[in-house]
Amino acid sequence: MSNRRTFIKKLSLGSVTAFNLPAISAAGNLIDKSGNTSQSFHLHTEKEDRIFNGKYESDYLNKIAFPIGGIGAGMFCLEGTGAVSHLSVENHPDVFNEPYAFAALHIKGLKNASKVLEAQIPKWKLFGSPGSGLGMGEKSYGLPRFKKGTFLTRFPFAYIDLEDKDIPLHTKITGWSPFIPTDEDNSSLPLGVLEYSFQNPTKETIEAVFSYNARNFIANRGRILDAIKHGFVLTKSAQESDGSFGIYIPDNEAKVDYCWFRGGWFDSQSILWENIRSGNIVTNPPTEGISPGASIYVPFKLKPGETKIIPVNFCWYFSKSGLAFGNVPIAGEAFTGKPSEGTALHQQPVSGYAGKQLLNSFDPKGDGQVGVIQSSEFTISKKYLKFLVGGGNDPDKTFVRLLINGKIEEVATGNQTEILSEKSWDLRKHIGKKAQIQIGDLDTEAWGHILADQFVLTDNLNENISAPSSEAILFADFEGGNYSGWENIETEELRVLRSQNESLQEDPFYKPWYAGRFKNLEEVIGYWESCKDKLENNSKLFSDAFYASTLPPEIMEAILANLTILKSPTVLRQSDGRFWAWEGCGDNVGSCHGSCTHVWNYAQAVPHLFPALERSLRETEFKISQNKKGHQNFRSNLPISPPPHNFHAAADGQLGGIMKVYRDWRISGDTEWMKELYPYVKTSMEYCIRTWDPKHNGYLEEPQHNTYDIEFWGPNGMCTSFYLGALTSFIEISKALKQPYKEYESLLSKGKRYIESELFDGEYFIQKIKWEGLNAPNPVEVLSFGGAYSEEALALLKEEGPKYQYGTGCLSDGILGMWIASVCGLPEVIDNKKVTSHLIAVHKHNLKKNLKDHYNPQRPTYACGEEGGLLLCTWPKGGALSLPFVYSNEVWTGIEYQVASHLMFKGEVEKGLDIVRECRKRYDGTVRNPFNEYECGHWYARAMSSYSMLQALTGVRYDAVDKILYIDSKIGDFTSFISTGTGFGTISLKNGKPHLEVVFGSIDVKNIIS
């Protein structure tokens, strides 16, 4: 930039460490009485209904659920009222799990002074959820609560103030669990704390009883044990080794009731509340049978001005998951019992079937089930057999077959989707012959299941098989209580599979990291008690350093709100420490497995906060999930092992990984690590060229599978920008290792010319749809999640080209590869003015402040009605396709932050803030949880693109290879957070002079360039 002042400042000490440094301002000092930050930002003066990064109260508390837990260890959520919900500690999400558990306070001698330590129940909870018409007697909603509450987060801490005229104490709740950048192990502990603070502002001594009360919310038939001091353990079964959850209060005055009153109806909770409101302290011993629940009581007295803090500790241990994707052992027989009623446990939502049942070999035990089922023999009397099929796509392993005289004549498969689509077989040449239908599942890897339904014989190719005509024959609809007319058979293929299965490891399921570190719950608690003060202090160092920032409050809110993803069930961590993740969370199962490369491309928090975990993803991608030809499966197995290679590689995911190797090398400074990966990276680069640019034109034109779950046909700005970024990365890495790179420079040069001259329409980058003259077969024959081409779709193919393209549209991700390059510390090789023009066009055309007139036939609840948001694509100059890519009308927060960040990199700060504000206004707590930005699931990983806004606004980037700290501020003077592979702290620019303050670990800086 012409006005950029550049200088190099050499630091005499060489390394800045966290030693004898001035204290960072506490979070409380950054907030005035209104809840606003004490720092202001000159570019934004518009007053919002709720102040960004400030307090939540009244209706803004409605949907708050703040995750507390460890990385890959499970979580519970602290709601805005103080309630506990979303309890998900058994290695899978359980979003609607709201345990019967609460803290209560009784003050002796005062009227109405017995309260649950929560604010009022949000009204949306009272009616509308399943079963609410019966009165919800299983909830504690009918117990007295505080009149008012306010919620403030200073991640990883959440603070609640409770107020009620009947309670003369200043009452606060602090919820937290350790989160310490660079210390991934102590940030992965299976635990959390709720600290209840009571301060006496009166002139009288107050006597009170605190209690924490819980049913066995782990299992109704489990036990409640006295296995920990001053607390109780909830077990999953009679065997504590099957899983346990401990609640305890380290206070010598604590007394435990291990068994509530036993009886029918509402006896237990009635007597419990009577004890609470009477100030009774009950100490029933454990029972050999089933206990209705348990309580911990802590009596205390407060003199005027005194404060009492009662920490309720929650620790858990569930080493058994039954969770696996990939090379898992046979878990059971498929096609037994009765047909499936739809979606099984741990399965993505199943749809597209007819009636109420279908054949589903995933149900009930997942991809580990195998079997072959065969129909009785029938005579072919109609021209066509039409049916519905879904699931896996390997014709040798997951199939529907037509057998004639024992010979396979037709085969159909699913399309690696849980949506069943219609298939038709032309039987005209087989009229009069005897036939059978055979359905098989011979696969225990990911997508190792088959879905089938509604087999109809008909003479009408256009027969509506959901409601067959009287002339058609409904051969099978699986609506009965068994598989009548079908027989399980033992084929040679099945016998071979069983033989191979015997060699698999004994316990092939996922185990969480903590199960490798600790033997049982007792060890978890012992470790926690030995170091919790240190971990709290280090977590506060992080929180204070981050909130010392002078960046705009909407930026702070967006970044910190999405760090909760790392405490959610979206992320897992194997017992060997390696990181693995879903894309997001379904209600009861993770959403879209395998650390999906094209989604995790966007997530920029982990590489800076926990770089060792991020590097483990690169090692999995290149060493495990990539075959010798360079094909990378963009979804990794769990436990991590070589996956199948039976689908497209993801162009954006695989090319993005090459850029991220460069980023992770520069963050870590570990050149040996990069050198070890280099042969795999080269193989990957060659595969990408051979697959998508076989003519060596410098741009991608063969069909490119990507993050929209479809393939783009022909050259386009999005995927070609990834290609140019990956070439740039590979050239830089090759130079560092003194390896040949000239041929890649030639491709880069040609690609740069092409994208700037042929794909830039004068305002933004577009796609040139091309599907003829390629190496790829006709789109009708190419494997795709888009399903088969109907007659109508074939007509569209002739007019517009393949389904699911964007053509002349203004795509928000249309130059995404250059953003990835910037956040990876690589130069953006495409003309800066044209990239900036594209981003400004996206802001102009795709950002809508009100969506009430926008139509979205896809997934509308991400943003709709009078809300605002950034659309994925628009067609401001015409040329909209009849069937554009499947998510085009939606709004995704991860793309909103990506575009906002890229605008900020280009100096268009206010436009970037426009987008961030519209996004965060949707997540203000009234309708959506501010700490759960969702896309294809809760706590969706793509939203961690928000972290990149730190770098975009400040230009702060630390290069551990050269020991250089870069600063390129777009906002003048600032203070911001910085995290590296070895430490974290704050970086400031004041009057053009930089200042680095390290509060944890060390950061070895030789030069600063700003």
# chains A, B, ... in the order shown; residues from 1 in each chain; ligands from 1
>>> residues_around(residues="Lys906 of chain A", least_positions_apart="5", cutoff="10 Å", atoms="only C-alpha atoms", output="ChimeraX atom specification")
/A:832-833,835-837,839-840,901,912,952-953,970
>>> write_last_selection(atoms="N, CA and C atoms", output="CSV table (one decimal), in the first residue's frame")
chain,number,residue,atom,x,y,z
A,832,ASN,N,-5.1,-7.4,-7.2
A,832,ASN,CA,-5.8,-6.9,-6.0
A,832,ASN,C,-7.0,-6.1,-6.3
A,833,LYS,N,-7.0,-5.3,-7.3
A,833,LYS,CA,-8.2,-4.4,-7.6
A,833,LYS,C,-9.4,-5.3,-8.0
A,835,VAL,N,-9.9,-8.5,-7.1
A,835,VAL,CA,-10.3,-9.2,-6.0
A,835,VAL,C,-11.2,-8.3,-5.1
A,836,THR,N,-10.7,-7.1,-4.9
A,836,THR,CA,-11.4,-6.1,-4.1
A,836,THR,C,-12.8,-5.8,-4.7
A,837,SER,N,-12.8,-5.6,-6.0
A,837,SER,CA,-14.0,-5.4,-6.8
A,837,SER,C,-15.0,-6.5,-6.5
A,839,LEU,N,-15.2,-8.5,-4.0
A,839,LEU,CA,-15.7,-8.5,-2.6
A,839,LEU,C,-16.7,-7.3,-2.4
A,840,ILE,N,-16.4,-6.2,-3.0
A,840,ILE,CA,-17.4,-5.1,-2.9
A,840,ILE,C,-18.7,-5.4,-3.6
A,901,SER,N,-14.1,-10.8,6.6
A,901,SER,CA,-12.6,-10.8,6.9
A,901,SER,C,-11.9,-10.3,5.7
A,912,GLY,N,-17.1,-4.8,5.9
A,912,GLY,CA,-17.0,-6.0,6.6
A,912,GLY,C,-17.8,-6.0,7.9
A,952,ALA,N,-7.2,-9.9,9.9
A,952,ALA,CA,-7.7,-9.0,8.8
A,952,ALA,C,-7.6,-7.6,9.2
A,953,LEU,N,-8.1,-7.3,10.5
A,953,LEU,CA,-8.1,-5.9,10.9
A,953,LEU,C,-6.7,-5.4,11.3
A,970,LYS,N,-5.4,-2.0,9.6
A,970,LYS,CA,-6.4,-1.3,8.8
A,970,LYS,C,-7.3,-0.4,9.6
>>> residues_around(residues="segment 408-422 of chain A", least_positions_apart="4", cutoff="8 Å", atoms="only C-alpha atoms", output="PyMOL selection string")
chain A and resi 348-353+386-395+398-404+447+450-452+783-785+787-788
>>> write_last_selection(atoms="C-alpha atoms", output="short mmCIF file (atom, residue, chain, number, x, y, z; two decimals), in the first residue's frame")
data_model
loop_
_atom_site.label_atom_id
_atom_site.label_comp_id
_atom_site.auth_asym_id
_atom_site.auth_seq_id
_atom_site.Cartn_x
_atom_site.Cartn_y
_atom_site.Cartn_z
CA GLN A 348 -28.17 -38.56 9.42
CA PRO A 349 -31.88 -37.83 8.77
CA VAL A 350 -33.35 -40.34 6.33
CA SER A 351 -35.90 -39.04 3.84
CA GLY A 352 -37.43 -39.77 0.45
CA TYR A 353 -39.00 -43.12 1.33
CA LYS A 386 -39.13 -48.83 -10.29
CA PHE A 387 -37.94 -48.40 -6.71
CA LEU A 388 -36.27 -46.05 -4.22
CA VAL A 389 -32.66 -46.44 -3.11
CA GLY A 390 -30.16 -44.56 -0.96
CA GLY A 391 -27.11 -45.08 1.25
CA GLY A 392 -23.71 -46.30 0.03
CA ASN A 393 -22.53 -46.17 -3.57
CA ASP A 394 -20.23 -49.20 -3.93
CA PRO A 395 -21.96 -51.65 -6.33
CA THR A 398 -24.03 -51.88 -0.94
CA PHE A 399 -26.41 -52.81 -3.69
CA VAL A 400 -29.82 -53.66 -5.08
CA ARG A 401 -29.51 -56.39 -7.70
CA LEU A 402 -31.82 -58.03 -10.22
CA LEU A 403 -31.04 -61.73 -10.53
CA ILE A 404 -32.27 -63.83 -13.46
CA TRP A 447 -21.56 -45.21 4.08
CA ILE A 450 -28.16 -49.52 1.94
CA LEU A 451 -31.62 -47.95 1.98
CA ALA A 452 -34.40 -49.31 -0.24
CA LEU A 783 -21.39 -39.93 -9.40
CA SER A 784 -22.93 -37.02 -7.54
CA PHE A 785 -24.93 -36.25 -4.42
CA GLY A 787 -28.95 -37.80 -7.72
CA ALA A 788 -30.24 -39.04 -11.03
#
>>> residues_around(residues="segment 46-61 of chain A", least_positions_apart="6", cutoff="7 Å", atoms="only C-alpha atoms", output="PyMOL selection string")
chain A and resi 35-37+80-81+149-152+553-554+556-557+924-926
>>> write_last_selection(atoms="C-alpha atoms", output="PDB file, in the first residue's frame")
ATOM      1  CA  GLY A  35     -22.489  -3.573  30.037  1.00  0.00           C
ATOM      2  CA  ASN A  36     -20.663  -1.848  27.192  1.00  0.00           C
ATOM      3  CA  THR A  37     -16.953  -2.191  26.624  1.00  0.00           C
ATOM      4  CA  GLY A  80     -28.856 -17.521  30.410  1.00  0.00           C
ATOM      5  CA  THR A  81     -31.103 -18.117  33.400  1.00  0.00           C
ATOM      6  CA  GLY A 149     -31.122 -12.367  35.709  1.00  0.00           C
ATOM      7  CA  THR A 150     -28.386 -10.922  33.511  1.00  0.00           C
ATOM      8  CA  PHE A 151     -25.765 -12.882  31.587  1.00  0.00           C
ATOM      9  CA  LEU A 152     -22.295 -11.814  30.483  1.00  0.00           C
ATOM     10  CA  PRO A 553     -17.259  -5.172  19.969  1.00  0.00           C
ATOM     11  CA  GLU A 554     -19.165  -6.975  17.212  1.00  0.00           C
ATOM     12  CA  MET A 556     -15.044  -9.621  19.647  1.00  0.00           C
ATOM     13  CA  GLU A 557     -18.484 -11.104  20.122  1.00  0.00           C
ATOM     14  CA  ASP A 924     -28.897 -12.065  19.975  1.00  0.00           C
ATOM     15  CA  GLY A 925     -30.528 -14.661  22.223  1.00  0.00           C
ATOM     16  CA  THR A 926     -34.165 -13.902  21.437  1.00  0.00           C
TER      17      THR A 926
END
>>> closest_residue(among="A:Lys301, A:Lys63, A:Arg215, A:Lys229", to="Leu272 of chain A", atoms="only C-alpha atoms")
A:Arg215
>>> residues_around(residues="Gly322 of chain A", least_positions_apart="6", cutoff="12 Å", atoms="only C-alpha atoms", output="number ranges by chain")
A: 90-92, 242, 328-329, 331, 345-346, 365-368, 507-512, 638-639
>>> select_by_dssp(residues="segment 113-330 of chain A", states="helix (DSSP H, G or I)", output="VMD selection string")
chain A and resid 123 to 125 132 to 134 240 to 242 267 to 278
>>> residues_around(residues="Gly293 of chain A", least_positions_apart="5", cutoff="12 Å", atoms="only C-alpha atoms", output="NGL selection string")
:A and (99-102 or 212-225 or 232-235 or 256-263 or 267-269 or 271-272 or 284-287)
>>> write_last_selection(atoms="N, CA and C atoms", output="short mmCIF file (atom, residue, chain, number, x, y, z; two decimals), in the first residue's frame")
data_model
loop_
_atom_site.label_atom_id
_atom_site.label_comp_id
_atom_site.auth_asym_id
_atom_site.auth_seq_id
_atom_site.Cartn_x
_atom_site.Cartn_y
_atom_site.Cartn_z
N PRO A 99 -31.24 -32.02 32.04
CA PRO A 99 -31.36 -32.89 33.21
C PRO A 99 -32.17 -32.25 34.34
N TYR A 100 -32.78 -33.11 35.12
CA TYR A 100 -33.45 -32.62 36.34
C TYR A 100 -32.36 -32.40 37.38
N ALA A 101 -31.82 -31.20 37.37
CA ALA A 101 -30.72 -30.85 38.26
C ALA A 101 -30.76 -29.34 38.49
N PHE A 102 -30.61 -28.91 39.70
CA PHE A 102 -30.67 -27.48 39.98
C PHE A 102 -30.02 -27.17 41.33
N TYR A 212 -27.36 -28.50 46.02
CA TYR A 212 -27.38 -28.89 44.61
C TYR A 212 -28.06 -30.24 44.55
N ASN A 213 -29.04 -30.35 43.63
CA ASN A 213 -29.97 -31.47 43.64
C ASN A 213 -30.07 -32.05 42.23
N ALA A 214 -30.05 -33.38 42.13
CA ALA A 214 -30.09 -33.99 40.80
C ALA A 214 -30.67 -35.39 40.86
N ARG A 215 -31.50 -35.70 39.88
CA ARG A 215 -31.84 -37.09 39.62
C ARG A 215 -30.63 -37.76 38.98
N ASN A 216 -30.70 -39.07 38.82
CA ASN A 216 -29.66 -39.75 38.04
C ASN A 216 -29.98 -39.52 36.57
N PHE A 217 -29.48 -38.40 36.05
CA PHE A 217 -29.77 -38.05 34.66
C PHE A 217 -28.90 -38.80 33.67
N ILE A 218 -28.00 -39.63 34.16
CA ILE A 218 -27.20 -40.46 33.27
C ILE A 218 -27.99 -41.70 32.85
N ALA A 219 -28.69 -42.32 33.79
CA ALA A 219 -29.50 -43.49 33.48
C ALA A 219 -30.50 -43.72 34.60
N ASN A 220 -31.76 -43.86 34.24
CA ASN A 220 -32.80 -44.07 35.26
C ASN A 220 -32.55 -45.32 36.09
N ARG A 221 -31.95 -46.32 35.47
CA ARG A 221 -31.72 -47.59 36.18
C ARG A 221 -30.31 -47.68 36.74
N GLY A 222 -29.57 -46.61 36.69
CA GLY A 222 -28.22 -46.61 37.23
C GLY A 222 -28.21 -46.45 38.74
N ARG A 223 -27.02 -46.36 39.30
CA ARG A 223 -26.84 -46.23 40.74
C ARG A 223 -26.36 -44.83 41.08
N ILE A 224 -26.57 -44.45 42.35
CA ILE A 224 -26.00 -43.22 42.89
C ILE A 224 -25.08 -43.63 44.03
N LEU A 225 -23.78 -43.35 43.87
CA LEU A 225 -22.76 -43.88 44.77
C LEU A 225 -22.10 -42.77 45.59
N PHE A 232 -21.52 -36.99 45.08
CA PHE A 232 -22.09 -38.27 44.68
C PHE A 232 -21.75 -38.55 43.22
N VAL A 233 -21.84 -39.81 42.85
CA VAL A 233 -21.53 -40.25 41.50
C VAL A 233 -22.77 -40.91 40.90
N LEU A 234 -23.16 -40.45 39.73
CA LEU A 234 -24.25 -41.03 38.98
C LEU A 234 -23.66 -42.04 38.00
N THR A 235 -24.14 -43.28 38.03
CA THR A 235 -23.58 -44.30 37.16
C THR A 235 -24.57 -44.68 36.07
N VAL A 256 -24.31 -34.85 52.32
CA VAL A 256 -24.87 -35.47 51.13
C VAL A 256 -26.06 -36.35 51.48
N ASP A 257 -27.14 -36.18 50.70
CA ASP A 257 -28.29 -37.08 50.74
C ASP A 257 -28.22 -37.93 49.48
N TYR A 258 -27.93 -39.23 49.65
CA TYR A 258 -27.73 -40.10 48.49
C TYR A 258 -29.03 -40.71 47.97
N CYS A 259 -30.10 -40.52 48.70
CA CYS A 259 -31.35 -41.16 48.27
C CYS A 259 -32.54 -40.31 48.68
N TRP A 260 -33.14 -39.65 47.70
CA TRP A 260 -34.37 -38.90 47.96
C TRP A 260 -35.48 -39.86 48.42
N PHE A 261 -36.53 -39.25 48.94
CA PHE A 261 -37.72 -39.99 49.33
C PHE A 261 -38.20 -40.84 48.15
N ARG A 262 -38.47 -42.13 48.43
CA ARG A 262 -38.93 -43.03 47.38
C ARG A 262 -40.44 -43.19 47.45
N GLY A 263 -41.09 -43.09 46.31
CA GLY A 263 -42.54 -43.21 46.27
C GLY A 263 -43.04 -43.06 44.85
N ASP A 267 -43.83 -37.80 44.48
CA ASP A 267 -43.42 -37.86 45.89
C ASP A 267 -42.00 -37.35 46.09
N SER A 268 -41.08 -37.82 45.27
CA SER A 268 -39.67 -37.48 45.48
C SER A 268 -39.42 -36.00 45.42
N GLN A 269 -39.92 -35.33 44.34
CA GLN A 269 -39.64 -33.91 44.21
C GLN A 269 -40.45 -33.08 45.21
N ILE A 271 -41.17 -33.98 48.41
CA ILE A 271 -40.44 -34.02 49.68
C ILE A 271 -39.12 -33.27 49.56
N LEU A 272 -38.47 -33.37 48.40
CA LEU A 272 -37.23 -32.62 48.20
C LEU A 272 -37.45 -31.13 48.41
N ASN A 284 -29.35 -39.06 53.97
CA ASN A 284 -29.62 -40.48 53.75
C ASN A 284 -28.40 -41.16 53.14
N PRO A 285 -28.07 -42.38 53.58
CA PRO A 285 -26.94 -43.10 53.00
C PRO A 285 -27.29 -43.66 51.63
N PRO A 286 -26.29 -44.12 50.89
CA PRO A 286 -26.58 -44.75 49.59
C PRO A 286 -27.46 -45.98 49.76
N THR A 287 -28.21 -46.30 48.73
CA THR A 287 -29.07 -47.47 48.75
C THR A 287 -28.57 -48.48 47.73
#
>>> atom_distance(atom1="atom CA of Gly332 of chain A", atom2="atom CA of Glu490 of chain A")
13.9 Å
>>> select_by_dssp(residues="segment 712-922 of chain A", states="strand (DSSP E or B)", output="MDAnalysis selection string")
chainID A and resid 712 716 760 765 767 805 810:811 847:848 851 865 869:871 873:874 884 891
>>> write_last_selection(atoms="N, CA, C and O atoms", output="mmCIF file, in the first residue's frame")
data_model
loop_
_atom_site.group_PDB
_atom_site.id
_atom_site.type_symbol
_atom_site.label_atom_id
_atom_site.label_comp_id
_atom_site.auth_asym_id
_atom_site.auth_seq_id
_atom_site.Cartn_x
_atom_site.Cartn_y
_atom_site.Cartn_z
ATOM 1 N N PHE A 712 -18.806 -28.412 -9.499
ATOM 2 C CA PHE A 712 -18.830 -27.322 -10.472
ATOM 3 C C PHE A 712 -18.171 -27.823 -11.748
ATOM 4 O O PHE A 712 -17.058 -28.353 -11.721
ATOM 5 N N ASN A 716 -14.067 -21.736 -12.910
ATOM 6 C CA ASN A 716 -14.809 -20.801 -12.067
ATOM 7 C C ASN A 716 -13.860 -20.125 -11.097
ATOM 8 O O ASN A 716 -12.787 -20.653 -10.774
ATOM 9 N N PHE A 760 -13.307 -12.844 -14.981
ATOM 10 C CA PHE A 760 -13.694 -11.583 -14.342
ATOM 11 C C PHE A 760 -14.587 -10.818 -15.313
ATOM 12 O O PHE A 760 -14.185 -10.515 -16.440
ATOM 13 N N PHE A 765 -15.968 -12.207 -10.200
ATOM 14 C CA PHE A 765 -15.542 -13.442 -10.855
ATOM 15 C C PHE A 765 -16.724 -14.396 -11.016
ATOM 16 O O PHE A 765 -17.574 -14.499 -10.132
ATOM 17 N N GLN A 767 -18.397 -18.161 -13.268
ATOM 18 C CA GLN A 767 -18.132 -19.518 -13.735
ATOM 19 C C GLN A 767 -18.478 -19.625 -15.210
ATOM 20 O O GLN A 767 -19.491 -19.096 -15.662
ATOM 21 N N GLN A 805 -25.013 -25.394 -10.740
ATOM 22 C CA GLN A 805 -23.883 -24.527 -11.057
ATOM 23 C C GLN A 805 -24.222 -23.095 -10.613
ATOM 24 O O GLN A 805 -25.294 -22.843 -10.061
ATOM 25 N N CYS A 810 -23.098 -13.889 -8.771
ATOM 26 C CA CYS A 810 -22.136 -13.254 -7.867
ATOM 27 C C CYS A 810 -22.041 -14.134 -6.627
ATOM 28 O O CYS A 810 -22.886 -14.069 -5.727
ATOM 29 N N LEU A 811 -21.023 -14.977 -6.591
ATOM 30 C CA LEU A 811 -20.855 -15.981 -5.545
ATOM 31 C C LEU A 811 -20.060 -15.405 -4.381
ATOM 32 O O LEU A 811 -18.943 -14.909 -4.573
ATOM 33 N N LEU A 847 -25.542 -8.879 0.387
ATOM 34 C CA LEU A 847 -25.924 -8.521 1.751
ATOM 35 C C LEU A 847 -27.308 -7.895 1.741
ATOM 36 O O LEU A 847 -27.530 -6.856 1.114
ATOM 37 N N LYS A 848 -28.235 -8.540 2.433
ATOM 38 C CA LYS A 848 -29.609 -8.044 2.527
ATOM 39 C C LYS A 848 -29.908 -7.681 3.983
ATOM 40 O O LYS A 848 -29.705 -8.499 4.877
ATOM 41 N N LEU A 851 -34.898 -9.791 4.711
ATOM 42 C CA LEU A 851 -35.100 -10.920 3.799
ATOM 43 C C LEU A 851 -36.576 -11.269 3.603
ATOM 44 O O LEU A 851 -36.885 -12.342 3.073
ATOM 45 N N GLY A 865 -37.318 -14.034 6.913
ATOM 46 C CA GLY A 865 -38.237 -12.997 7.353
ATOM 47 C C GLY A 865 -37.583 -11.635 7.341
ATOM 48 O O GLY A 865 -36.922 -11.254 6.373
ATOM 49 N N GLY A 869 -28.864 -10.781 6.260
ATOM 50 C CA GLY A 869 -27.805 -11.761 6.110
ATOM 51 C C GLY A 869 -27.188 -11.692 4.727
ATOM 52 O O GLY A 869 -27.695 -11.029 3.818
ATOM 53 N N LEU A 870 -26.067 -12.372 4.580
ATOM 54 C CA LEU A 870 -25.333 -12.412 3.312
ATOM 55 C C LEU A 870 -25.715 -13.677 2.562
ATOM 56 O O LEU A 870 -25.420 -14.787 3.003
ATOM 57 N N LEU A 871 -26.371 -13.517 1.420
ATOM 58 C CA LEU A 871 -26.761 -14.665 0.616
ATOM 59 C C LEU A 871 -25.535 -15.309 -0.018
ATOM 60 O O LEU A 871 -24.563 -14.633 -0.357
ATOM 61 N N CYS A 873 -25.319 -16.569 -2.969
ATOM 62 C CA CYS A 873 -25.161 -16.180 -4.368
ATOM 63 C C CYS A 873 -26.377 -15.382 -4.826
ATOM 64 O O CYS A 873 -27.493 -15.611 -4.362
ATOM 65 N N THR A 874 -26.152 -14.437 -5.711
ATOM 66 C CA THR A 874 -27.233 -13.717 -6.395
ATOM 67 C C THR A 874 -26.860 -13.602 -7.867
ATOM 68 O O THR A 874 -25.706 -13.830 -8.251
ATOM 69 N N PRO A 884 -29.823 -23.768 -9.593
ATOM 70 C CA PRO A 884 -28.455 -23.410 -9.209
ATOM 71 C C PRO A 884 -27.978 -24.339 -8.098
ATOM 72 O O PRO A 884 -28.734 -25.188 -7.611
ATOM 73 N N VAL A 891 -28.112 -18.540 3.867
ATOM 74 C CA VAL A 891 -27.164 -17.666 4.559
ATOM 75 C C VAL A 891 -26.375 -18.524 5.538
ATOM 76 O O VAL A 891 -26.964 -19.186 6.397
#
>>> closest_residue(among="A:Pro130, A:Pro311, A:Gly70, A:Gly656", to="Cys824 of chain A", atoms="only C-alpha atoms")
A:Gly656
>>> residues_around(residues="segment 457-460 of chain A", least_positions_apart="5", cutoff="10 Å", atoms="only C-alpha atoms", output="NGL selection string")
:A and (380-387 or 424-428 or 465 or 468-476)
>>> closest_residue(among="A:Tyr317, A:Tyr699, A:Phe179, A:Trp265", to="Gly243 of chain A", atoms="only C-alpha atoms")
A:Tyr317
>>> closest_residue(among="A:Asp396, A:Asp443, A:Asp94, A:Glu745", to="Ser361 of chain A", atoms="only C-alpha atoms")
A:Asp443
>>> closest_residue(among="A:Lys434, A:Lys203, A:Lys423, A:Lys844", to="Phe455 of chain A", atoms="only C-alpha atoms")
A:Lys423
>>> decode(residues="segment 316-324 of chain A", atoms="N, CA, C and O atoms", output="mmCIF file, in the first residue's frame")
data_model
loop_
_atom_site.group_PDB
_atom_site.id
_atom_site.type_symbol
_atom_site.label_atom_id
_atom_site.label_comp_id
_atom_site.auth_asym_id
_atom_site.auth_seq_id
_atom_site.Cartn_x
_atom_site.Cartn_y
_atom_site.Cartn_z
ATOM 1 N N TRP A 316 -16.784 -36.131 34.590
ATOM 2 C CA TRP A 316 -17.396 -37.321 34.015
ATOM 3 C C TRP A 316 -16.356 -38.215 33.360
ATOM 4 O O TRP A 316 -15.241 -37.779 33.037
ATOM 5 N N TYR A 317 -16.747 -39.446 33.128
ATOM 6 C CA TYR A 317 -15.838 -40.423 32.512
ATOM 7 C C TYR A 317 -16.674 -41.447 31.755
ATOM 8 O O TYR A 317 -17.357 -42.278 32.356
ATOM 9 N N PHE A 318 -16.613 -41.376 30.423
ATOM 10 C CA PHE A 318 -17.332 -42.312 29.554
ATOM 11 C C PHE A 318 -16.367 -42.752 28.455
ATOM 12 O O PHE A 318 -16.245 -42.108 27.421
ATOM 13 N N SER A 319 -15.675 -43.838 28.714
ATOM 14 C CA SER A 319 -14.630 -44.290 27.790
ATOM 15 C C SER A 319 -15.182 -45.109 26.639
ATOM 16 O O SER A 319 -14.532 -45.247 25.609
ATOM 17 N N LYS A 320 -16.382 -45.652 26.798
ATOM 18 C CA LYS A 320 -16.977 -46.498 25.769
ATOM 19 C C LYS A 320 -17.923 -45.668 24.914
ATOM 20 O O LYS A 320 -18.852 -45.045 25.426
ATOM 21 N N SER A 321 -17.692 -45.689 23.609
ATOM 22 C CA SER A 321 -18.505 -44.846 22.739
ATOM 23 C C SER A 321 -19.350 -45.631 21.745
ATOM 24 O O SER A 321 -20.424 -45.177 21.343
ATOM 25 N N GLY A 322 -18.879 -46.807 21.327
ATOM 26 C CA GLY A 322 -19.557 -47.518 20.247
ATOM 27 C C GLY A 322 -19.555 -46.734 18.950
ATOM 28 O O GLY A 322 -20.328 -47.004 18.033
ATOM 29 N N LEU A 323 -18.657 -45.753 18.864
ATOM 30 C CA LEU A 323 -18.646 -44.822 17.734
ATOM 31 C C LEU A 323 -17.493 -45.149 16.804
ATOM 32 O O LEU A 323 -16.332 -45.209 17.227
ATOM 33 N N ALA A 324 -17.811 -45.358 15.544
ATOM 34 C CA ALA A 324 -16.770 -45.639 14.554
ATOM 35 C C ALA A 324 -17.289 -45.306 13.168
ATOM 36 O O ALA A 324 -18.474 -45.490 12.870
#
